[in-house]
Each structure stands twice: as C-alpha cells, then as structure tokens.
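Participant: Sharing target-v2.cif (mmCIF, C-alpha atoms, pLDDT in the B column; chains and numbers go by the auth columns) below.
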data_target
loop_
_atom_site.group_PDB
_atom_site.id
_atom_site.type_symbol
_atom_site.label_atom_id
_atom_site.label_comp_id
_atom_site.label_asym_id
_atom_site.label_seq_id
_atom_site.Cartn_x
_atom_site.Cartn_y
_atom_site.Cartn_z
_atom_site.B_iso_or_equiv
_atom_site.auth_seq_id
_atom_site.auth_asym_id
ATOM 1 C CA MET A 1 14.139 29.847 16.388 61.00 1137 A
ATOM 2 C CA GLY A 2 15.685 27.386 13.948 73.00 1138 A
ATOM 3 C CA ALA A 3 13.872 29.065 11.042 78.00 1139 A
ATOM 4 C CA ARG A 4 15.717 32.325 11.647 77.00 1140 A
ATOM 5 C CA VAL A 5 19.081 30.610 11.570 78.00 1141 A
ATOM 6 C CA SER A 6 18.291 28.643 8.414 80.00 1142 A
ATOM 7 C CA ARG A 7 16.915 31.778 6.715 80.00 1143 A
ATOM 8 C CA VAL A 8 20.175 33.612 7.394 78.00 1144 A
ATOM 9 C CA PHE A 9 22.213 30.850 5.749 77.00 1145 A
ATOM 10 C CA ARG A 10 19.741 30.496 2.875 81.00 1146 A
ATOM 11 C CA ASN A 11 19.816 34.242 2.081 81.00 1147 A
ATOM 12 C CA PHE A 12 23.565 34.694 2.623 83.00 1148 A
ATOM 13 C CA ASN A 13 25.203 36.255 -0.458 86.00 1149 A
ATOM 14 C CA LEU A 14 21.984 35.639 -2.405 86.00 1150 A
ATOM 15 C CA GLU A 15 22.375 38.506 -4.873 89.00 1151 A
ATOM 16 C CA ASN A 16 25.898 37.488 -5.879 88.00 1152 A
ATOM 17 C CA ARG A 17 24.848 33.881 -6.331 88.00 1153 A
ATOM 18 C CA VAL A 18 21.924 34.949 -8.539 89.00 1154 A
ATOM 19 C CA HIS A 19 24.154 37.156 -10.736 90.00 1155 A
ATOM 20 C CA ARG A 20 26.676 34.337 -11.051 89.00 1156 A
ATOM 21 C CA GLU A 21 23.925 31.905 -12.155 89.00 1157 A
ATOM 22 C CA ILE A 22 22.475 34.392 -14.648 90.00 1158 A
ATOM 23 C CA GLY A 23 25.936 35.138 -16.053 90.00 1159 A
ATOM 24 C CA LYS A 24 26.652 31.504 -16.896 90.00 1160 A
ATOM 25 C CA PRO A 25 26.487 30.644 -20.593 89.00 1161 A
ATOM 26 C CA LYS A 26 23.203 29.008 -21.589 84.00 1162 A
ATOM 27 C CA PRO A 27 23.383 25.314 -22.404 83.00 1163 A
ATOM 28 C CA SER A 28 23.263 24.521 -26.085 84.00 1164 A
ATOM 29 C CA ALA A 29 20.410 22.504 -27.530 81.00 1165 A
ATOM 30 C CA ALA A 30 20.868 18.802 -28.059 82.00 1166 A
ATOM 31 C CA PRO A 31 21.922 17.839 -31.575 80.00 1167 A
ATOM 32 C CA ARG A 32 19.064 17.014 -33.878 79.00 1168 A
ATOM 33 C CA HIS A 33 18.615 13.669 -35.529 84.00 1169 A
ATOM 34 C CA PRO A 34 19.640 13.659 -39.204 82.00 1170 A
ATOM 35 C CA SER A 35 16.114 12.782 -40.336 82.00 1171 A
ATOM 36 C CA THR A 36 14.611 15.827 -38.626 84.00 1172 A
ATOM 37 C CA LYS A 37 17.234 18.143 -40.103 79.00 1173 A
ATOM 38 C CA ASP A 38 15.573 17.887 -43.527 80.00 1174 A
ATOM 39 C CA PHE A 39 12.176 18.686 -42.028 79.00 1175 A
ATOM 40 C CA VAL A 40 13.523 21.777 -40.234 78.00 1176 A
ATOM 41 C CA ASP A 41 15.146 22.957 -43.483 79.00 1177 A
ATOM 42 C CA LYS A 42 11.784 22.669 -45.296 76.00 1178 A
ATOM 43 C CA MET A 43 10.085 24.630 -42.527 76.00 1179 A
ATOM 44 C CA SER A 44 12.590 27.458 -42.844 77.00 1180 A
ATOM 45 C CA LYS A 45 12.206 27.587 -46.662 81.00 1181 A
ATOM 46 C CA HIS A 46 8.387 27.659 -46.485 80.00 1182 A
ATOM 47 C CA PRO A 47 7.187 30.162 -43.850 78.00 1183 A
ATOM 48 C CA GLU A 48 3.524 29.500 -44.771 82.00 1184 A
ATOM 49 C CA ILE A 49 3.786 26.080 -43.074 78.00 1185 A
ATOM 50 C CA ASN A 50 4.781 27.744 -39.832 76.00 1186 A
ATOM 51 C CA GLU A 51 1.866 30.210 -40.204 81.00 1187 A
ATOM 52 C CA THR A 52 -0.687 27.446 -40.805 81.00 1188 A
ATOM 53 C CA ILE A 53 0.503 25.565 -37.754 80.00 1189 A
ATOM 54 C CA HIS A 54 -0.024 28.562 -35.484 83.00 1190 A
ATOM 55 C CA GLN A 55 -3.186 29.826 -37.193 87.00 1191 A
ATOM 56 C CA LYS A 56 -6.556 29.257 -35.524 88.00 1192 A
ATOM 57 C CA ASP A 57 -8.840 26.928 -37.500 87.00 1193 A
ATOM 58 C CA GLU A 58 -12.319 28.508 -37.291 90.00 1194 A
ATOM 59 C CA PRO A 59 -14.414 25.512 -38.492 91.00 1195 A
ATOM 60 C CA LEU A 60 -12.686 23.288 -35.944 90.00 1196 A
ATOM 61 C CA ALA A 61 -13.217 25.860 -33.178 90.00 1197 A
ATOM 62 C CA ILE A 62 -16.956 26.030 -34.027 91.00 1198 A
ATOM 63 C CA LEU A 63 -17.225 22.237 -33.882 91.00 1199 A
ATOM 64 C CA LEU A 64 -15.448 22.191 -30.538 88.00 1200 A
ATOM 65 C CA ARG A 65 -17.896 24.767 -29.151 88.00 1201 A
ATOM 66 C CA THR A 66 -20.815 22.513 -30.085 89.00 1202 A
ATOM 67 C CA VAL A 67 -19.383 19.648 -28.078 87.00 1203 A
ATOM 68 C CA TYR A 68 -20.697 19.848 -24.542 78.00 1204 A
ATOM 69 C CA VAL A 69 -20.218 17.175 -21.932 77.00 1205 A
ATOM 70 C CA ASN A 70 -22.922 17.047 -19.323 79.00 1206 A
ATOM 71 C CA SER A 71 -21.766 14.938 -16.424 76.00 1207 A
ATOM 72 C CA VAL A 72 -24.426 13.598 -14.126 78.00 1208 A
ATOM 73 C CA GLY A 73 -23.042 12.015 -11.012 73.00 1209 A
ATOM 74 C CA PRO A 74 -24.654 10.501 -7.953 70.00 1210 A
ATOM 75 C CA LEU A 75 -26.354 12.810 -5.509 68.00 1211 A
ATOM 76 C CA GLN A 76 -24.593 13.792 -2.304 66.00 1212 A
ATOM 77 C CA GLN A 77 -27.067 11.748 -0.231 65.00 1213 A
ATOM 78 C CA ASP A 78 -26.247 8.615 -2.223 62.00 1214 A
ATOM 79 C CA LEU A 79 -22.516 9.238 -1.810 58.00 1215 A
ATOM 80 C CA LYS A 80 -22.793 9.490 1.943 59.00 1216 A
ATOM 81 C CA GLN A 81 -24.625 6.184 2.161 59.00 1217 A
ATOM 82 C CA LYS A 82 -22.262 4.340 -0.183 54.00 1218 A
ATOM 83 C CA ASP A 83 -19.062 5.721 1.340 50.00 1219 A
ATOM 84 C CA VAL A 84 -19.601 3.813 4.569 52.00 1220 A
ATOM 85 C CA PRO A 85 -17.327 0.801 4.242 56.00 1221 A
ATOM 86 C CA ALA A 86 -18.751 -2.648 4.661 52.00 1222 A
ATOM 87 C CA LEU A 87 -16.357 -3.303 7.551 46.00 1223 A
ATOM 88 C CA MET A 88 -18.042 -0.669 9.684 52.00 1224 A
ATOM 89 C CA GLU A 89 -21.418 -2.310 9.181 56.00 1225 A
ATOM 90 C CA GLU A 90 -20.178 -5.692 10.438 61.00 1226 A
ATOM 91 C CA GLU A 91 -20.586 -6.679 14.023 68.00 1227 A
ATOM 92 C CA ARG A 92 -17.286 -6.530 15.810 66.00 1228 A
ATOM 93 C CA ARG A 93 -15.982 -7.890 19.090 66.00 1229 A
ATOM 94 C CA LEU A 94 -12.984 -7.337 21.312 62.00 1230 A
ATOM 95 C CA PRO A 95 -10.189 -9.851 20.803 63.00 1231 A
ATOM 96 C CA LYS A 96 -9.915 -12.448 23.570 65.00 1232 A
ATOM 97 C CA SER A 97 -6.165 -11.882 23.883 53.00 1233 A
ATOM 98 C CA SER A 98 -6.709 -8.248 24.946 47.00 1234 A
ATOM 99 C CA LEU A 99 -8.927 -9.415 27.791 46.00 1235 A
ATOM 100 C CA GLN A 100 -6.484 -12.011 29.115 50.00 1236 A
ATOM 101 C CA GLY A 101 -3.224 -10.201 28.499 53.00 1237 A
ATOM 102 C CA ASN A 102 -1.268 -10.724 25.351 51.00 1238 A
ATOM 103 C CA PRO A 103 1.281 -13.554 25.558 54.00 1239 A
ATOM 104 C CA PHE A 104 2.660 -13.043 22.029 52.00 1240 A
ATOM 105 C CA GLY A 105 3.279 -9.296 22.220 52.00 1241 A
ATOM 106 C CA PHE A 106 0.789 -8.296 19.466 51.00 1242 A
ATOM 107 C CA SER A 107 -1.451 -5.474 20.575 55.00 1243 A
ATOM 108 C CA ASP A 108 -2.307 -3.637 17.369 60.00 1244 A
ATOM 109 C CA VAL A 109 -5.718 -5.280 16.776 63.00 1245 A
ATOM 110 C CA GLN A 110 -8.428 -3.331 18.578 70.00 1246 A
ATOM 111 C CA ASN A 111 -11.534 -5.184 17.405 76.00 1247 A
ATOM 112 C CA VAL A 112 -12.194 -8.222 15.256 77.00 1248 A
ATOM 113 C CA PRO A 113 -15.211 -8.857 13.001 82.00 1249 A
ATOM 114 C CA LYS A 114 -17.484 -11.621 14.207 83.00 1250 A
ATOM 115 C CA GLY A 115 -16.734 -14.860 12.418 84.00 1251 A
ATOM 116 C CA LYS A 116 -13.014 -14.100 12.123 86.00 1252 A
ATOM 117 C CA LEU A 117 -9.922 -14.513 14.291 86.00 1253 A
ATOM 118 C CA SER A 118 -6.846 -12.434 14.850 82.00 1254 A
ATOM 119 C CA ILE A 119 -3.450 -14.126 14.512 82.00 1255 A
ATOM 120 C CA VAL A 120 -3.002 -14.281 18.268 81.00 1256 A
ATOM 121 C CA GLU A 121 -6.458 -15.780 18.732 84.00 1257 A
ATOM 122 C CA ALA A 122 -5.850 -18.364 16.016 87.00 1258 A
ATOM 123 C CA LEU A 123 -2.632 -19.480 17.703 85.00 1259 A
ATOM 124 C CA THR A 124 -4.393 -19.589 21.071 86.00 1260 A
ATOM 125 C CA VAL A 125 -7.295 -21.633 19.666 88.00 1261 A
ATOM 126 C CA LEU A 126 -4.963 -24.125 18.008 90.00 1262 A
ATOM 127 C CA ASN A 127 -2.789 -24.418 21.100 87.00 1263 A
ATOM 128 C CA ASN A 128 -5.757 -24.901 23.478 88.00 1264 A
ATOM 129 C CA HIS A 129 -7.265 -27.575 21.249 90.00 1265 A
ATOM 130 C CA LYS A 130 -3.929 -29.353 20.927 88.00 1266 A
ATOM 131 C CA ARG A 131 -3.319 -29.419 24.676 89.00 1267 A
ATOM 132 C CA SER A 132 -6.806 -30.473 25.735 91.00 1268 A
ATOM 133 C CA PRO A 133 -9.058 -31.483 22.856 89.00 1269 A
ATOM 134 C CA LYS A 134 -11.764 -32.840 25.170 92.00 1270 A
ATOM 135 C CA THR A 135 -12.365 -29.521 26.917 93.00 1271 A
ATOM 136 C CA TRP A 136 -11.717 -27.271 23.920 92.00 1272 A
ATOM 137 C CA THR A 137 -14.013 -28.886 21.362 93.00 1273 A
ATOM 138 C CA ALA A 138 -14.899 -27.347 18.034 93.00 1274 A
ATOM 139 C CA GLU A 139 -18.366 -26.417 19.311 94.00 1275 A
ATOM 140 C CA LYS A 140 -16.986 -24.657 22.380 93.00 1276 A
ATOM 141 C CA LEU A 141 -14.380 -22.757 20.354 92.00 1277 A
ATOM 142 C CA ALA A 142 -17.003 -21.724 17.785 91.00 1278 A
ATOM 143 C CA GLN A 143 -19.236 -20.387 20.526 91.00 1279 A
ATOM 144 C CA GLU A 144 -16.377 -18.698 22.424 89.00 1280 A
ATOM 145 C CA TYR A 145 -14.946 -16.855 19.415 87.00 1281 A
ATOM 146 C CA CYS A 146 -18.228 -16.310 17.444 87.00 1282 A
ATOM 147 C CA LEU A 147 -17.171 -18.571 14.563 90.00 1283 A
ATOM 148 C CA ASP A 148 -19.030 -20.789 12.132 91.00 1284 A
ATOM 149 C CA LEU A 149 -18.943 -24.424 13.285 93.00 1285 A
ATOM 150 C CA GLN A 150 -17.853 -25.794 9.884 93.00 1286 A
ATOM 151 C CA HIS A 151 -15.014 -23.273 9.649 91.00 1287 A
ATOM 152 C CA THR A 152 -13.903 -24.111 13.172 92.00 1288 A
ATOM 153 C CA LYS A 153 -13.826 -27.833 12.405 92.00 1289 A
ATOM 154 C CA ALA A 154 -11.826 -27.179 9.226 91.00 1290 A
ATOM 155 C CA LEU A 155 -9.433 -24.948 11.175 90.00 1291 A
ATOM 156 C CA LEU A 156 -8.789 -27.622 13.782 90.00 1292 A
ATOM 157 C CA GLU A 157 -8.420 -30.349 11.163 89.00 1293 A
ATOM 158 C CA PHE A 158 -6.145 -28.675 8.632 88.00 1294 A
ATOM 159 C CA PHE A 159 -4.077 -26.183 10.628 84.00 1295 A
ATOM 160 C CA ILE A 160 -1.531 -27.550 13.056 76.00 1296 A
ATOM 161 C CA PRO A 161 0.679 -25.344 15.215 71.00 1297 A
ATOM 162 C CA PHE A 162 4.410 -25.802 14.858 71.00 1298 A
ATOM 163 C CA GLU A 163 6.099 -28.515 16.843 71.00 1299 A
ATOM 164 C CA VAL A 164 9.755 -28.253 17.718 73.00 1300 A
ATOM 165 C CA LYS A 165 11.383 -31.626 18.164 78.00 1301 A
ATOM 166 C CA ILE A 166 14.946 -31.865 19.364 82.00 1302 A
ATOM 167 C CA ILE A 167 16.404 -35.160 18.290 85.00 1303 A
ATOM 168 C CA PRO A 168 19.320 -36.220 20.495 84.00 1304 A
ATOM 169 C CA PRO A 169 22.396 -37.435 18.612 81.00 1305 A
ATOM 170 C CA LYS A 170 23.052 -41.163 18.568 78.00 1306 A
ATOM 171 C CA SER A 171 25.782 -42.576 20.758 73.00 1307 A
ATOM 172 C CA GLU A 172 27.920 -43.570 17.725 64.00 1308 A
ATOM 173 C CA ASP A 173 27.859 -39.985 16.474 56.00 1309 A
ATOM 174 C CA LYS A 174 29.095 -38.810 19.859 58.00 1310 A
ATOM 175 C CA LYS A 175 32.035 -41.206 19.709 58.00 1311 A
ATOM 176 C CA ARG A 176 33.002 -39.994 16.233 58.00 1312 A
ATOM 177 C CA ILE A 177 32.873 -36.368 17.311 59.00 1313 A
ATOM 178 C CA LYS A 178 35.054 -37.052 20.357 60.00 1314 A
ATOM 179 C CA ALA A 179 37.615 -39.021 18.302 57.00 1315 A
ATOM 180 C CA THR A 180 38.198 -36.225 15.823 56.00 1316 A
#
How does this structure look as structure tokens?
Facilitator:
Amino acid sequence: MGARVSRVFRNFNLENRVHREIGKPKPSAAPRHPSTKDFVDKMSKHPEINETIHQKDEPLAILLRTVYVNSVGPLQQDLKQKDVPALMEEERRLPKSSLQGNPFGFSDVQNVPKGKLSIVEALTVLNNHKRSPKTWTAEKLAQEYCLDLQHTKALLEFFIPFEVKIIPPKSEDKKRIKAT
C-alpha cells in the first residue's frame, strides 16, 4: 500500500520536471590547463593525427588475436573439499556457561572448539581457581574444559582476574575534609 502512495508522489508533475531539466543550459567544460592548450591547437591544425588515433591498427589486431589465455583452475570436486573451513572439522563442545545459566549475560557463543575457552568460561575458570585452588586444580580444569594441561597451568599462573580494593580514607584526611 505504501508503494502506491510513494509512486504517486514520485510521478507527480513528472513531465514538467523533465522539460524543465532538459531546458536548462548545459554546463560549460572546465577550463583547460595552459600546457594542454598548445596540444589541442596542434591537433586542430593537423587532422591526420586525429585520424591515426581513431584508425584501427591491423598488425596490432592480428597480434592480439594470436594471444590466447587458457585458464586451468581446480576441478569442482577439489573446490568442494577445500571450501570446508578448518573450524568445521574441529571437534566442538557446548560452553559450560550455557549449561549452568549465564551469570555474565553473554549468550552469543553456541559452541566452542575443544582446547579453547569462551570469555565467560575463562572468567569462570579464573574465579573458581582463585576462590578454591585446592578443589579447582589445573588438572581438573583441563579435564573439565578439554584443555591442554600446559596451557591451563600457564593460564592460571599468568592471568589474574581483577580485584577491586576499596581503601578507606585515613582519619586525618577525614578531619581535614570536615574542617574545610
């Protein structure tokens, strides 16, 4: 229904608008650079130059006909096998956060390749290990999330979740603030 309305407005007074546009004076060409002015003058004095430019060069045309490019590409069967991305061939697993409910609000990851973690899982792993390192050991985390043991140990050693520390103001600072 909206197309009919827009068509009416689009075609309203179309013929008059077209005649008005056609009747406008044509824009003049941009001024030429002084160095090209001499070249254009030579072209107008020698019409044979203009003819040679537009004339077909037979020897060149014959040479171009002899050039033939034969393109040999991969067969269709080979293309179908190579087009499958490597990610599809990897083993994948469901993220642990989707099974337990997602505490961080991320739900866009549907499956994770084995040996890798999603952001939510990485935060969960780091948080669990920080809270209870005896129960959540590197071996248990590696087995739980299908990770390499060396990578899991490096993850736990070098990545530390953020800690927020609120430092209370000193008593002298409180006195100064109250005095002013």
Participant: Hey, can you check how far atom CA of Asn1247 of chain A sits from atom CA of Ala1278 of chain A?
Facilitator: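 Atom-to-atom, atom CA of Asn1247 of chain A and atom CA of Ala1278 of chain A are spaced 17.4 Å apart.
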Participant: For atom CA of Thr1288 of chain A and atom CA of Leu1262 of chain A, quote the distance in Å rounded to one decimal.
Facilitator: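 The value is 10.2 Å.
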Participant: Could you tell me how far atom CA of Leu1259 of chain A lies from atom CA of Leu1292 of chain A, in Å and to one decimal?
Facilitator: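 Taking atom CA of Leu1259 of chain A as the start and atom CA of Leu1292 of chain A as the end point, the length is 10.9 Å.
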Participant: Can you pull out the residues contacting Phe1295 of chain A? Cut-off 12 Å, using all atoms listed in the file, and skip same-chain residues under 2 positions away; I want them as an MDAnalysis selection string.
Facilitator: chainID A and resid 1258:1259 1261:1263 1265:1266 1287:1293 1297:1298
